[in-house]
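Novice: My file is data.cif. It has mmCIF, C-alpha atoms:
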data_my_file
loop_
_atom_site.label_atom_id
_atom_site.label_comp_id
_atom_site.auth_asym_id
_atom_site.auth_seq_id
_atom_site.Cartn_x
_atom_site.Cartn_y
_atom_site.Cartn_z
CA MET A 186 6.20 26.38 -10.98
CA ASN A 187 4.55 23.89 -13.34
CA LYS A 188 1.25 25.14 -14.75
CA THR A 189 -1.21 22.50 -15.80
CA ASP A 190 -4.96 22.12 -16.31
CA ALA A 191 -5.10 19.24 -13.85
CA LEU A 192 -2.70 17.54 -11.47
CA ILE A 193 -3.25 13.85 -10.81
CA ILE A 194 -1.96 12.37 -7.57
CA GLY A 195 -1.36 8.66 -8.10
CA ALA A 196 -0.16 6.76 -11.17
CA GLY A 197 -2.22 3.61 -10.65
CA PRO A 198 -4.78 2.41 -13.20
CA THR A 199 -7.35 5.03 -12.19
CA GLY A 200 -4.84 7.89 -12.38
CA LEU A 201 -3.59 6.69 -15.76
CA PHE A 202 -7.03 6.42 -17.34
CA THR A 203 -8.03 9.78 -15.85
CA ALA A 204 -4.97 11.27 -17.57
CA HIS A 205 -6.20 9.72 -20.82
CA GLN A 206 -9.65 11.24 -20.40
CA LEU A 207 -8.25 14.70 -19.60
CA ASN A 208 -6.00 14.71 -22.65
CA LEU A 209 -8.72 13.36 -24.87
CA ILE A 210 -10.97 16.31 -24.06
CA GLY A 211 -8.09 18.69 -24.68
CA LEU A 212 -6.78 19.37 -21.18
CA SER A 213 -3.18 19.07 -20.07
CA CYS A 214 -2.20 17.13 -16.96
CA GLU A 215 0.80 16.03 -14.93
CA VAL A 216 1.02 13.03 -12.62
CA VAL A 217 2.81 12.64 -9.28
CA ASP A 218 3.45 9.30 -7.57
CA ASN A 219 5.37 8.30 -4.47
CA LEU A 220 6.56 5.02 -6.00
CA ASP A 221 9.53 4.86 -8.36
CA LYS A 222 7.42 3.34 -11.12
CA ILE A 223 4.07 3.76 -12.83
CA GLY A 224 1.24 1.36 -11.95
CA GLY A 225 0.29 1.83 -8.30
CA GLN A 226 -1.04 -1.19 -6.40
CA CYS A 227 -1.17 -3.22 -9.65
CA ILE A 228 2.56 -3.04 -10.05
CA GLU A 229 3.53 -2.96 -6.38
CA LEU A 230 1.20 -5.57 -4.91
CA TYR A 231 0.22 -7.94 -7.72
CA PRO A 232 2.24 -7.48 -10.94
CA ASP A 233 2.00 -11.23 -11.70
CA LYS A 234 -1.49 -11.95 -10.43
CA PRO A 235 -4.18 -12.27 -13.08
CA ILE A 236 -7.16 -9.91 -12.95
CA TYR A 237 -10.42 -11.24 -14.44
CA ASP A 238 -12.86 -8.37 -14.09
CA ILE A 239 -11.67 -5.63 -16.42
CA PRO A 240 -14.44 -5.17 -19.03
CA ALA A 241 -13.50 -6.70 -22.40
CA VAL A 242 -10.22 -8.01 -21.01
CA PRO A 243 -10.87 -11.64 -20.00
CA GLU A 244 -7.57 -11.99 -18.18
CA CYS A 245 -4.51 -9.82 -17.58
CA THR A 246 -1.91 -9.36 -14.88
CA GLY A 247 -1.35 -6.16 -12.94
CA GLU A 248 1.74 -5.54 -15.04
CA GLN A 249 -0.05 -6.13 -18.35
CA LEU A 250 -2.89 -3.83 -17.34
CA THR A 251 -0.39 -1.12 -16.44
CA ASN A 252 1.49 -1.52 -19.72
CA ASN A 253 -1.75 -1.34 -21.71
CA LEU A 254 -2.79 1.82 -19.91
CA ILE A 255 0.63 3.37 -20.56
CA ASN A 256 0.31 2.43 -24.25
CA GLN A 257 -3.09 4.08 -24.36
CA LEU A 258 -1.41 7.33 -23.22
CA LYS A 259 1.14 7.28 -26.04
CA PRO A 260 -0.63 9.88 -28.24
CA PHE A 261 -0.35 12.37 -25.39
CA ASP A 262 2.46 14.28 -23.79
CA ILE A 263 2.12 13.67 -20.07
CA LYS A 264 4.78 14.47 -17.53
CA PHE A 265 5.22 12.00 -14.68
CA HIS A 266 6.89 13.00 -11.41
CA LEU A 267 7.83 9.74 -9.71
CA ASN A 268 9.46 9.15 -6.33
CA GLN A 269 7.67 12.23 -5.02
CA ARG A 270 4.93 12.57 -2.49
CA VAL A 271 2.54 15.52 -2.51
CA GLU A 272 2.92 17.23 0.84
CA GLU A 273 0.85 20.37 0.53
CA VAL A 274 -2.22 21.57 -1.34
CA LYS A 275 -3.03 25.26 -0.79
CA ARG A 276 -5.66 27.50 -2.32
CA ASP A 277 -4.46 30.45 -4.41
CA ASN A 278 -7.45 32.46 -5.68
CA GLU A 279 -9.18 30.20 -8.19
CA SER A 280 -6.29 27.73 -8.32
CA TRP A 281 -4.39 25.32 -6.15
CA ILE A 282 -0.68 25.41 -5.39
CA VAL A 283 0.62 21.89 -4.90
CA LYS A 284 4.04 21.07 -3.43
CA THR A 285 5.85 17.73 -3.33
CA ASN A 286 8.47 16.56 -0.83
CA SER A 287 11.12 17.06 -3.54
CA GLY A 288 10.18 20.71 -3.89
CA THR A 289 8.34 20.44 -7.22
CA THR A 290 5.44 22.90 -7.32
CA PHE A 291 2.34 23.05 -9.48
CA LEU A 292 -0.25 25.71 -10.15
CA THR A 293 -3.52 24.19 -11.29
CA PRO A 294 -7.27 24.76 -11.08
CA ASN A 295 -7.87 21.01 -10.65
CA VAL A 296 -6.34 18.41 -8.35
CA ILE A 297 -7.46 14.82 -8.84
CA ILE A 298 -6.56 12.47 -6.03
CA ALA A 299 -6.27 8.95 -7.44
CA GLY A 300 -4.22 7.77 -4.51
CA GLY A 301 -5.49 4.22 -3.93
CA VAL A 302 -5.31 3.92 -0.17
CA GLY A 303 -2.62 6.53 0.20
CA SER A 304 1.07 6.34 -0.47
CA PHE A 305 3.27 3.31 -0.01
CA GLU A 306 5.65 3.57 2.94
CA PRO A 307 7.97 0.89 4.34
CA ARG A 308 6.57 -1.13 7.22
CA LYS A 309 8.63 -0.47 10.33
CA PHE A 310 9.84 -2.43 13.34
CA PRO A 311 7.18 -2.70 16.05
CA VAL A 312 9.82 -1.68 18.64
CA LYS A 313 9.14 1.98 19.27
CA GLU A 314 12.73 2.93 20.14
CA CYS A 315 13.74 2.10 16.56
CA GLU A 316 12.34 5.49 15.55
CA TYR A 317 15.19 7.19 17.38
CA TYR A 318 17.79 5.30 15.33
CA GLU A 319 15.95 5.53 12.03
CA ASN A 320 18.23 6.62 9.17
CA LYS A 321 21.20 6.44 11.57
CA SER A 322 21.43 2.78 12.56
CA VAL A 323 18.02 1.49 11.54
CA PHE A 324 17.04 1.40 7.88
CA TYR A 325 14.16 0.14 5.74
CA SER A 326 16.00 0.41 2.44
CA VAL A 327 19.64 0.54 1.39
CA LYS A 328 20.84 3.71 -0.28
CA ASP A 329 24.59 3.37 0.27
CA LYS A 330 25.80 -0.14 1.00
CA LYS A 331 29.35 1.08 1.75
CA ILE A 332 28.36 2.23 5.25
CA PHE A 333 27.91 -1.43 6.25
CA GLU A 334 31.45 -2.50 5.26
CA GLY A 335 33.25 -4.21 8.14
CA LYS A 336 30.23 -3.75 10.40
CA THR A 337 27.75 -6.14 11.99
CA VAL A 338 24.29 -6.00 10.53
CA ALA A 339 20.96 -7.54 11.58
CA ILE A 340 18.60 -8.09 8.66
CA PHE A 341 14.93 -8.86 9.34
CA GLY A 342 12.47 -10.34 6.90
CA GLY A 343 11.74 -13.39 4.77
CA GLY A 344 11.22 -12.03 1.28
CA ASP A 345 13.54 -11.29 -1.61
CA SER A 346 14.68 -7.89 -0.32
CA ALA A 347 15.84 -9.34 3.00
CA LEU A 348 17.52 -12.31 1.32
CA ASP A 349 19.16 -10.30 -1.47
CA TRP A 350 20.67 -7.86 1.00
CA ALA A 351 21.74 -10.62 3.39
CA ILE A 352 23.61 -12.29 0.51
CA GLU A 353 25.07 -9.05 -0.83
CA LEU A 354 26.16 -7.61 2.52
CA SER A 355 27.65 -10.95 3.67
CA LYS A 356 30.57 -10.24 1.29
CA LYS A 357 31.90 -7.37 3.39
CA SER A 358 29.89 -7.36 6.64
CA LYS A 359 28.99 -9.72 9.45
CA VAL A 360 25.37 -10.58 8.70
CA ASN A 361 22.66 -11.87 11.05
CA LEU A 362 19.47 -12.81 9.25
CA ILE A 363 16.39 -12.97 11.46
CA HIS A 364 12.96 -14.19 10.37
CA ARG A 365 9.76 -15.07 12.23
CA ARG A 366 9.45 -18.60 10.76
CA ASP A 367 11.52 -21.31 9.06
CA GLU A 368 10.06 -20.81 5.60
CA PHE A 369 11.18 -17.95 3.36
CA ARG A 370 8.93 -16.54 0.69
CA GLY A 371 11.81 -15.31 -1.48
CA ALA A 372 12.72 -16.91 -4.81
CA GLU A 373 13.89 -20.53 -4.42
CA ALA A 374 17.33 -19.90 -5.89
CA THR A 375 17.88 -16.99 -3.51
CA VAL A 376 16.76 -19.02 -0.50
CA ASN A 377 19.15 -21.82 -1.52
CA LYS A 378 22.03 -19.38 -1.90
CA MET A 379 21.32 -17.94 1.52
CA ARG A 380 21.24 -21.43 3.06
CA THR A 381 24.62 -22.23 1.47
CA LEU A 382 26.08 -19.05 2.97
CA VAL A 383 24.63 -20.06 6.35
CA LYS A 384 26.40 -23.45 6.06
CA GLU A 385 29.64 -21.69 5.16
CA GLY A 386 29.28 -19.53 8.25
CA LYS A 387 28.95 -16.31 6.24
CA ILE A 388 25.41 -15.62 7.47
CA ASN A 389 24.10 -16.26 10.99
CA LEU A 390 20.50 -17.36 10.65
CA PHE A 391 17.92 -17.01 13.42
CA THR A 392 14.48 -18.30 12.52
CA LYS A 393 11.31 -18.03 14.61
CA TYR A 394 12.87 -14.95 16.19
CA GLN A 395 11.59 -11.38 16.24
CA MET A 396 13.03 -8.14 17.60
CA THR A 397 11.97 -7.18 21.12
CA SER A 398 14.21 -4.24 21.98
CA VAL A 399 17.16 -2.12 20.89
CA HIS A 400 20.05 -0.70 22.92
CA GLY A 401 22.63 1.98 22.33
CA ASN A 402 23.39 5.65 22.71
CA SER A 403 23.62 7.85 19.64
CA GLN A 404 24.18 4.75 17.52
CA LEU A 405 22.72 1.29 17.86
CA GLU A 406 24.90 -1.11 19.89
CA SER A 407 22.82 -4.23 20.31
CA ILE A 408 19.38 -5.70 19.85
CA ASP A 409 17.33 -8.30 21.72
CA ILE A 410 15.52 -10.97 19.80
CA LYS A 411 13.06 -13.51 21.15
CA ASN A 412 11.72 -16.75 19.71
CA ASP A 413 8.31 -18.38 19.88
CA ASP A 414 9.30 -20.21 23.08
CA ASP A 415 10.34 -16.93 24.76
CA GLU A 416 14.06 -17.67 24.46
CA LYS A 417 15.94 -14.39 24.28
CA LYS A 418 19.21 -13.53 22.61
CA ASN A 419 21.21 -10.34 22.61
CA LEU A 420 23.08 -9.58 19.39
CA LYS A 421 25.81 -6.96 19.14
CA VAL A 422 25.04 -5.09 15.96
CA ASP A 423 25.90 -1.76 14.38
CA TYR A 424 22.91 -1.67 12.08
CA ALA A 425 19.42 -3.14 11.84
CA LEU A 426 17.64 -3.42 8.50
CA GLY A 427 13.94 -4.25 8.26
CA PHE A 428 12.33 -5.55 5.06
CA PHE A 429 8.67 -6.08 5.82
CA GLY A 430 7.25 -4.79 2.56
CA LEU A 431 5.25 -1.66 2.05
CA ILE A 432 2.12 -0.37 3.70
CA MET A 433 -0.30 2.19 2.40
CA GLN A 434 -0.61 5.33 4.51
CA LEU A 435 -3.04 8.15 3.88
CA GLY A 436 -0.20 10.50 4.83
CA PRO A 437 -0.44 14.25 4.17
CA ILE A 438 -3.83 13.90 2.39
CA ALA A 439 -5.37 13.94 5.87
CA ASN A 440 -4.26 17.57 6.29
CA TRP A 441 -5.84 19.09 3.20
CA GLY A 442 -9.20 20.00 4.72
CA LEU A 443 -11.11 17.23 2.95
CA ASN A 444 -14.09 15.40 4.44
CA LEU A 445 -12.82 11.93 5.27
CA ASP A 446 -14.60 8.70 6.08
CA LYS A 447 -11.97 6.52 7.76
CA LYS A 448 -9.18 6.37 5.15
CA THR A 449 -11.35 7.44 2.21
CA ILE A 450 -12.42 10.82 0.84
CA GLU A 451 -16.10 11.69 0.49
CA VAL A 452 -17.16 12.80 -3.00
CA ASP A 453 -20.32 13.52 -4.97
CA THR A 454 -21.18 11.14 -7.79
CA GLU A 455 -21.65 13.80 -10.48
CA LYS A 456 -18.15 15.26 -10.58
CA PHE A 457 -16.38 13.13 -7.97
CA GLU A 458 -15.55 16.41 -6.32
CA THR A 459 -14.65 16.61 -2.62
CA ASN A 460 -15.92 19.30 -0.24
CA GLN A 461 -13.18 21.54 -1.74
CA LYS A 462 -13.95 23.05 -5.14
CA GLY A 463 -11.49 21.82 -7.74
CA ILE A 464 -10.27 18.85 -5.69
CA TYR A 465 -11.60 15.50 -6.83
CA ALA A 466 -11.06 11.95 -5.58
CA VAL A 467 -11.37 8.87 -7.80
CA GLY A 468 -10.60 5.17 -7.49
CA ASP A 469 -10.16 3.25 -4.24
CA ILE A 470 -9.59 6.41 -2.21
CA CYS A 471 -13.04 7.92 -2.77
CA SER A 472 -16.24 6.98 -1.01
CA TYR A 473 -19.91 7.50 -1.81
CA PRO A 474 -23.03 5.39 -1.28
CA GLY A 475 -22.59 2.16 -3.21
CA LYS A 476 -18.85 2.57 -3.86
CA LEU A 477 -17.20 -0.54 -5.27
CA LYS A 478 -13.42 -0.80 -4.99
CA LEU A 479 -12.99 -2.13 -8.51
CA ILE A 480 -10.66 -0.87 -11.21
CA LEU A 481 -13.61 -0.42 -13.56
CA SER A 482 -15.26 1.95 -11.06
CA GLY A 483 -12.09 4.03 -11.01
CA PHE A 484 -12.22 4.38 -14.80
CA HIS A 485 -15.80 5.67 -14.67
CA GLU A 486 -15.03 8.06 -11.82
CA GLY A 487 -11.97 9.43 -13.62
CA ALA A 488 -13.92 10.02 -16.83
CA LEU A 489 -16.51 12.10 -14.99
CA ALA A 490 -13.96 14.01 -12.90
CA ALA A 491 -12.09 14.90 -16.11
CA ARG A 492 -15.24 16.52 -17.55
CA ALA A 493 -15.68 18.47 -14.32
CA CYS A 494 -12.09 19.73 -14.66
CA PHE A 495 -12.94 21.21 -18.05
CA LYS A 496 -15.25 23.82 -16.48
CA LEU A 497 -12.52 25.15 -14.19
CA ALA A 498 -9.69 24.90 -16.70
CA ARG A 499 -11.64 26.50 -19.59
CA PRO A 500 -14.22 28.72 -17.88
CA ASN A 501 -15.04 30.53 -21.14
CA GLU A 502 -15.54 27.44 -23.27
CA LYS A 503 -18.32 24.94 -23.38
CA TYR A 504 -17.51 21.24 -23.10
CA ARG A 505 -19.10 19.25 -25.91
CA PHE A 506 -19.56 15.50 -25.63
CA GLU A 507 -17.96 13.57 -28.52
CA PHE A 508 -17.21 9.98 -29.50
CA THR A 509 -13.73 8.79 -30.49
CA THR A 510 -15.32 6.87 -33.37
CA THR A 511 -16.64 9.98 -35.11
CA SER A 512 -15.07 13.17 -33.74
CA THR A 513 -12.39 14.76 -35.91
CA ASN A 514 -11.22 16.72 -32.86
CA LEU A 515 -10.68 13.62 -30.79
CA LEU A 516 -9.06 11.71 -33.64
CA LYS A 517 -6.62 14.58 -34.13
CA ARG A 518 -5.70 14.51 -30.45
CA LEU A 519 -5.21 10.77 -30.71
CA GLY A 520 -2.88 11.29 -33.68
CA LYS A 521 -5.20 9.38 -36.02
CA LYS A 522 -5.99 12.34 -38.25
CA GLU A 523 -3.96 15.27 -39.56
CA MET N 69 -25.19 -16.42 12.28
CA ALA N 70 -22.27 -16.82 14.61
CA LYS N 71 -21.28 -14.82 17.64
CA ILE N 72 -17.78 -13.43 17.15
CA THR N 73 -16.01 -11.73 20.02
CA TYR N 74 -13.48 -9.06 19.09
CA ILE N 75 -11.21 -7.87 21.88
CA THR N 76 -9.45 -4.62 21.08
CA SER N 77 -5.99 -3.80 22.41
CA ASP N 78 -7.51 -1.67 25.19
CA ALA N 79 -9.23 -4.89 26.42
CA LYS N 80 -12.70 -3.75 25.32
CA VAL N 81 -14.90 -6.69 24.38
CA HIS N 82 -17.17 -6.40 21.35
CA GLU N 83 -19.61 -9.28 20.86
CA ILE N 84 -21.10 -9.22 17.39
CA GLU N 85 -23.54 -11.50 15.58
CA VAL N 86 -22.00 -11.95 12.16
CA GLN N 87 -23.86 -13.44 9.19
CA ASN N 88 -22.61 -16.71 7.78
CA GLY N 89 -20.56 -16.18 4.64
CA LEU N 90 -19.06 -12.87 5.69
CA THR N 91 -15.48 -12.82 6.84
CA VAL N 92 -14.40 -12.03 10.39
CA MET N 93 -12.80 -8.90 8.86
CA GLU N 94 -16.09 -7.79 7.29
CA GLY N 95 -17.91 -8.38 10.59
CA ALA N 96 -15.48 -5.96 12.23
CA ILE N 97 -15.60 -3.32 9.48
CA GLN N 98 -19.40 -3.31 9.22
CA ASN N 99 -19.69 -2.85 12.98
CA ASN N 100 -16.97 -0.20 13.26
CA ILE N 101 -14.74 -2.24 15.50
CA PRO N 102 -11.52 -0.21 15.78
CA GLY N 103 -8.11 -1.66 14.96
CA ILE N 104 -8.88 -3.57 11.77
CA ASP N 105 -7.95 -1.53 8.70
CA ALA N 106 -8.35 -4.02 5.81
CA ASP N 107 -6.69 -1.64 3.36
CA CYS N 108 -6.84 -4.04 0.42
CA GLY N 109 -10.49 -4.86 1.00
CA GLY N 110 -10.07 -8.56 1.74
CA GLY N 111 -7.67 -9.61 -1.00
CA MET N 112 -4.94 -11.05 1.24
CA ALA N 113 -2.65 -8.36 -0.11
CA CYS N 114 -1.93 -6.08 2.84
CA ALA N 115 -1.88 -7.74 6.31
CA THR N 116 -3.86 -4.92 7.94
CA CYS N 117 -6.74 -7.11 9.17
CA HIS N 118 -4.37 -9.12 11.35
CA VAL N 119 -5.85 -10.74 14.48
CA TYR N 120 -4.74 -13.19 17.15
CA VAL N 121 -7.05 -16.17 17.40
CA GLN N 122 -7.47 -17.45 20.93
CA ASP N 123 -5.70 -20.75 21.45
CA GLU N 124 -8.71 -23.00 21.94
CA TRP N 125 -9.98 -21.82 18.55
CA PHE N 126 -6.75 -21.68 16.59
CA ASN N 127 -6.63 -25.38 15.73
CA LYS N 128 -10.38 -25.64 15.16
CA ILE N 129 -10.65 -23.12 12.34
CA PRO N 130 -9.67 -23.90 8.73
CA LYS N 131 -5.91 -23.82 8.15
CA LYS N 132 -4.03 -21.04 6.41
CA GLU N 133 -3.46 -21.12 2.69
CA ASP N 134 0.09 -20.51 1.43
CA GLY N 135 -0.26 -16.82 0.69
CA GLU N 136 -1.62 -15.97 4.12
CA GLU N 137 1.55 -17.00 5.96
CA ASP N 138 3.60 -14.91 3.50
CA MET N 139 1.46 -11.87 4.18
CA LEU N 140 1.70 -12.45 7.94
CA ASP N 141 5.48 -11.94 7.61
CA MET N 142 4.58 -8.30 7.06
CA ALA N 143 2.04 -7.97 9.84
CA PHE N 144 2.70 -5.87 12.93
CA GLU N 145 3.95 -8.18 15.72
CA PRO N 146 2.85 -11.53 14.31
CA LYS N 147 2.60 -14.44 16.76
CA LYS N 148 2.00 -18.19 16.55
CA ASN N 149 -1.76 -17.61 16.65
CA SER N 150 -1.82 -14.85 14.05
CA ARG N 151 -4.36 -14.93 11.22
CA LEU N 152 -5.66 -12.54 8.62
CA SER N 153 -9.31 -11.99 9.51
CA CYS N 154 -10.25 -11.58 5.83
CA GLN N 155 -9.49 -15.28 5.40
CA LEU N 156 -11.77 -16.46 8.21
CA ILE N 157 -15.20 -17.10 6.78
CA VAL N 158 -17.99 -17.06 9.31
CA SER N 159 -20.15 -20.18 9.64
CA ASP N 160 -22.09 -21.90 12.41
CA GLU N 161 -18.89 -23.74 13.32
CA LEU N 162 -17.25 -20.44 14.21
CA ASP N 163 -19.99 -19.53 16.70
CA GLY N 164 -18.20 -18.31 19.83
CA LEU N 165 -14.88 -17.46 18.13
CA VAL N 166 -12.75 -15.00 20.06
CA VAL N 167 -10.10 -12.87 18.35
CA ASN N 168 -7.75 -10.27 19.79
CA ILE N 169 -6.92 -7.23 17.72
CA PRO N 170 -3.25 -6.10 17.79
CA THR N 171 -2.24 -2.70 19.19
CA LYS N 172 -1.96 -1.49 15.64
CA GLN N 173 -1.90 -2.81 12.09
CA ALA N 174 1.29 -1.08 10.87
#
Let me see the structure of the file written as structure tokens.
Specialist:
Amino acid sequence: MNKTDALIIGAGPTGLFTAHQLNLIGLSCEVVDNLDKIGGQCIELYPDKPIYDIPAVPECTGEQLTNNLINQLKPFDIKFHLNQRVEEVKRDNESWIVKTNSGTTFLTPNVIIAGGVGSFEPRKFPVKECEYYENKSVFYSVKDKKIFEGKTVAIFGGGDSALDWAIELSKKSKVNLIHRRDEFRGAEATVNKMRTLVKEGKINLFTKYQMTSVHGNSQLESIDIKNDDDEKKNLKVDYALGFFGLIMQLGPIANWGLNLDKKTIEVDTEKFETNQKGIYAVGDICSYPGKLKLILSGFHEGALAARACFKLARPNEKYRFEFTTTSTNLLKRLGKKE
Amino acid sequence: MAKITYITSDAKVHEIEVQNGLTVMEGAIQNNIPGIDADCGGGMACATCHVYVQDEWFNKIPKKEDGEEDMLDMAFEPKKNSRLSCQLIVSDELDGLVVNIPTKQA
């Protein structure tokens, strides 16, 4: 069991700056995120896109913003638990016990949900029967490419993941690449390589086709695909791989007894606390009258939630407001003073 | 103002007067029309405000920009007449537009 003053769910910009604020006022924190890297939507959705509305930063990309926020955390010792999704939040007297899907547990008086719009999950095939074959014959990521050796594979998608795997698996498998239009959004060099392999007969390409149904018993045996003009084809395949990017799902957060408004969590604007004492929501996932889904709003919300955490983490102490320009305490925590 | 008709997957028809300058997505969100999620808030970064534009309108409305078609690759059951409703800006010219909302967004 990890004991900490505050647990932050979500390592996007809001979660990162909230961690900074907690540590600055002398509280410890740990951070959990479902992605395999720090940065949240900024790193997953728009690492290369410039952002123009961060105060005092005229222009920076999602990746630069993330790196700057990570640098700002350098004076502090913060443990990140990546690739883990928080499944359960349970009250235990004055604290919360938090469990992730990897079995990591935390005991903390404060849980700060900085979850964006939930956790990122792969987008799945619209064909419902695919659920039955999921992780047997239908996959949305590749963990062990050896299982495809000598087999026939159908790969769906038009981005880099679909193309990279089509190229890689074509070395040892029979690959069908299926995409809903003629254009691919993957990197030009990758698209060209794929087209060469198509010419050499190493990849069977079907454009303007989408999956309509799957057939098989315990394992997948074939799939039906249909094009824009309703022409159908049946392909004998052992595996189907879908690469349609990631979608944000609220996921287990919905089960924690919080007041929700659609996919957002209702909070007050003093502490950014939810209807549960000691659980806060900040950033895109929180809602209150006048909420703006801007990164700068998340920073403000995190700063206030951090102060609220102080009361529960240090019930016998009084929080005193200080400036980083003048406070010896803060400068010590920042490593600027002995 | 333009009258926009949203047809949800259960065939319910919602006729809404939407202010010029708002997007078709915002018209749906502000009027609680089910089936449009708009997770990213209108940034063309999520494909959860996906709609089917009825044929007689599809060629009349402004064409897609590059990024929209890329995002539609990720939409749930995209078709020839798929659009992201956050990219459709309401104006007098769109008065009478009819869009169908998919069975789900993801």
Novice: Could you give me, as a Markdown table, a per-residue list for chain N showing, wherever an atom lies at most 10 Å from an atom of chain A, the closest pair of atoms and their distance in Å to one decimal, using only C-alpha atoms and sorting by chain then residue number from low to high?
Specialist:
| residue | atom | partner | partner_atom | distance |
| --- | --- | --- | --- | --- |
| N:Asp105 | CA | A:Lys448 | CA | 8.7 |
| N:Asp107 | CA | A:Val302 | CA | 6.7 |
| N:Cys108 | CA | A:Val302 | CA | 8.1 |
| N:Gly109 | CA | A:Lys478 | CA | 7.8 |
| N:Ala113 | CA | A:Leu230 | CA | 6.8 |
| N:Cys114 | CA | A:Ile432 | CA | 7.1 |
| N:Ala115 | CA | A:Ile432 | CA | 8.8 |
| N:Thr116 | CA | A:Ile432 | CA | 8.6 |
| N:Asp134 | CA | A:Arg370 | CA | 9.7 |
| N:Gly135 | CA | A:Arg370 | CA | 9.2 |
| N:Glu137 | CA | A:Arg370 | CA | 9.1 |
| N:Asp138 | CA | A:Arg370 | CA | 6.2 |
| N:Met139 | CA | A:Gly430 | CA | 9.3 |
| N:Leu140 | CA | A:Arg365 | CA | 9.5 |
| N:Asp141 | CA | A:Phe429 | CA | 6.9 |
| N:Met142 | CA | A:Phe429 | CA | 4.8 |
| N:Ala143 | CA | A:Phe429 | CA | 8.0 |
| N:Phe144 | CA | A:Pro311 | CA | 6.3 |
| N:Glu145 | CA | A:Pro311 | CA | 6.4 |
| N:Pro146 | CA | A:Arg365 | CA | 8.0 |
| N:Lys147 | CA | A:Asp413 | CA | 7.6 |
| N:Lys148 | CA | A:Asp413 | CA | 7.1 |
| N:Thr171 | CA | A:Pro311 | CA | 9.9 |
| N:Lys172 | CA | A:Pro311 | CA | 9.2 |
| N:Gln173 | CA | A:Ile432 | CA | 9.6 |
| N:Ala174 | CA | A:Arg308 | CA | 6.4 |
Novice: Once the PyMOL selection byres ((chain A and resi 471) around 10) has been applied to the shown file, what residues remain in the selection, as a VMD selection string?
Specialist: chain A and resid 298 to 302 445 to 446 448 to 453 457 to 459 465 to 470 472 to 473 476 to 478 483 486
Novice: Tell me which protein, DNA and RNA residues are within 7 Å of Cys214 (chain A), counting only C-alpha atoms, leaving out same-chain ones fewer than 4 positions away, and put them as a VMD selection string.
Specialist: chain A and resid 189 to 192 204 263
Novice: In Å, with one decimal, what is the gap from CA of Gly463 (chain A) to CA of Thr251 (chain A)?
Specialist: 26.9 Å
Novice: The residues within 12 Å of (-17.7, -9.6, 6.7), using all atoms listed in the file and the coordinates of the file, should be reported as a VMD selection string; which are they?
Specialist: chain N and resid 69 to 70 72 84 to 101 104 106 109 to 110 117 153 to 159
Novice: Which centre and edge lengths in Å to one decimal define the box along x, y and z that fits every listed atom of region 467-478 of chain A plus 6 Å per side, as AutoDock Vina command-line options?
Specialist:
--center_x -16.3 --center_y 4.0 --center_z -4.4 --size_x 25.4 --size_y 21.7 --size_z 18.8
Novice: Between CA of Leu250 (chain A) and CA of Val296 (chain A), what is the spacing in Å?
Specialist: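 These two atoms are separated by 24.2 Å.
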Novice: Could you state the separation of CA of Trp441 (chain A) and CA of Leu481 (chain A) in Å, given to one decimal place?
Specialist: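 Straight-line distance from CA of Trp441 (chain A) to CA of Leu481 (chain A) works out to 26.9 Å.
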Novice: Kindly indicate which residue among A:Ile464, A:Ala374, A:Leu420, A:Leu497 lies nearest to Val283 (chain A), using all atoms listed in the file for the distances.
Specialist: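 For Val283 (chain A), the nearest of the given residues is A:Ile464.
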Novice: Please write the residues picked by the PyMOL selection byres ((chain A and resi 352) around 8) on this file as a ChimeraX atom specification.
Specialist: /A:348-351,353-356,378-379,382,388
Novice: Please evaluate the PyMOL selection byres ((chain N and resi 128) around 12) against the displayed coordinates and give the resulting residues as a ChimeraX atom specification.
Specialist: /N:121-127,129-132,149,156,161-166
Novice: Give the answer as one residue: which of A:Leu209, A:Ile410, A:Val383, A:Leu201 has the shortest atom-to-atom distance to Ile255 (chain A), using only C-alpha atoms?
Specialist: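 With only C-alpha atoms as the atom set, the closest residue is A:Leu201.
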Novice: Which residues are near Glu507 (chain A)? Cut-off 12 Å, all atoms listed in the file, ignore same chain within fewer than 4 positions. Put them as a list in words.
Specialist: Gln206, Leu209, Ile210, Gly211, Arg492, Thr511, Ser512, Thr513, Asn514, Leu515 and Leu516 of chain A
Novice: List as a PyMOL selection string: which residues have an atom within 6 Å of (-3.6, -13.8, 10.2), counting only C-alpha atoms?
Specialist: chain N and resi 118-119+140+150-152
Novice: Residues near Lys80 (chain N), anyone? I mean within 10 Å using all atoms listed in the file, not counting same-chain ones fewer than 5 positions away, as a ChimeraX atom specification.
Specialist: /N:74-75,168
Novice: Nearest to Ile169 (chain N): which of N:Asp78, N:Glu83, N:Gly111, N:Glu133 is it, counting only C-alpha atoms?
Specialist: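 With only C-alpha atoms as the atom set, the closest residue is N:Asp78.
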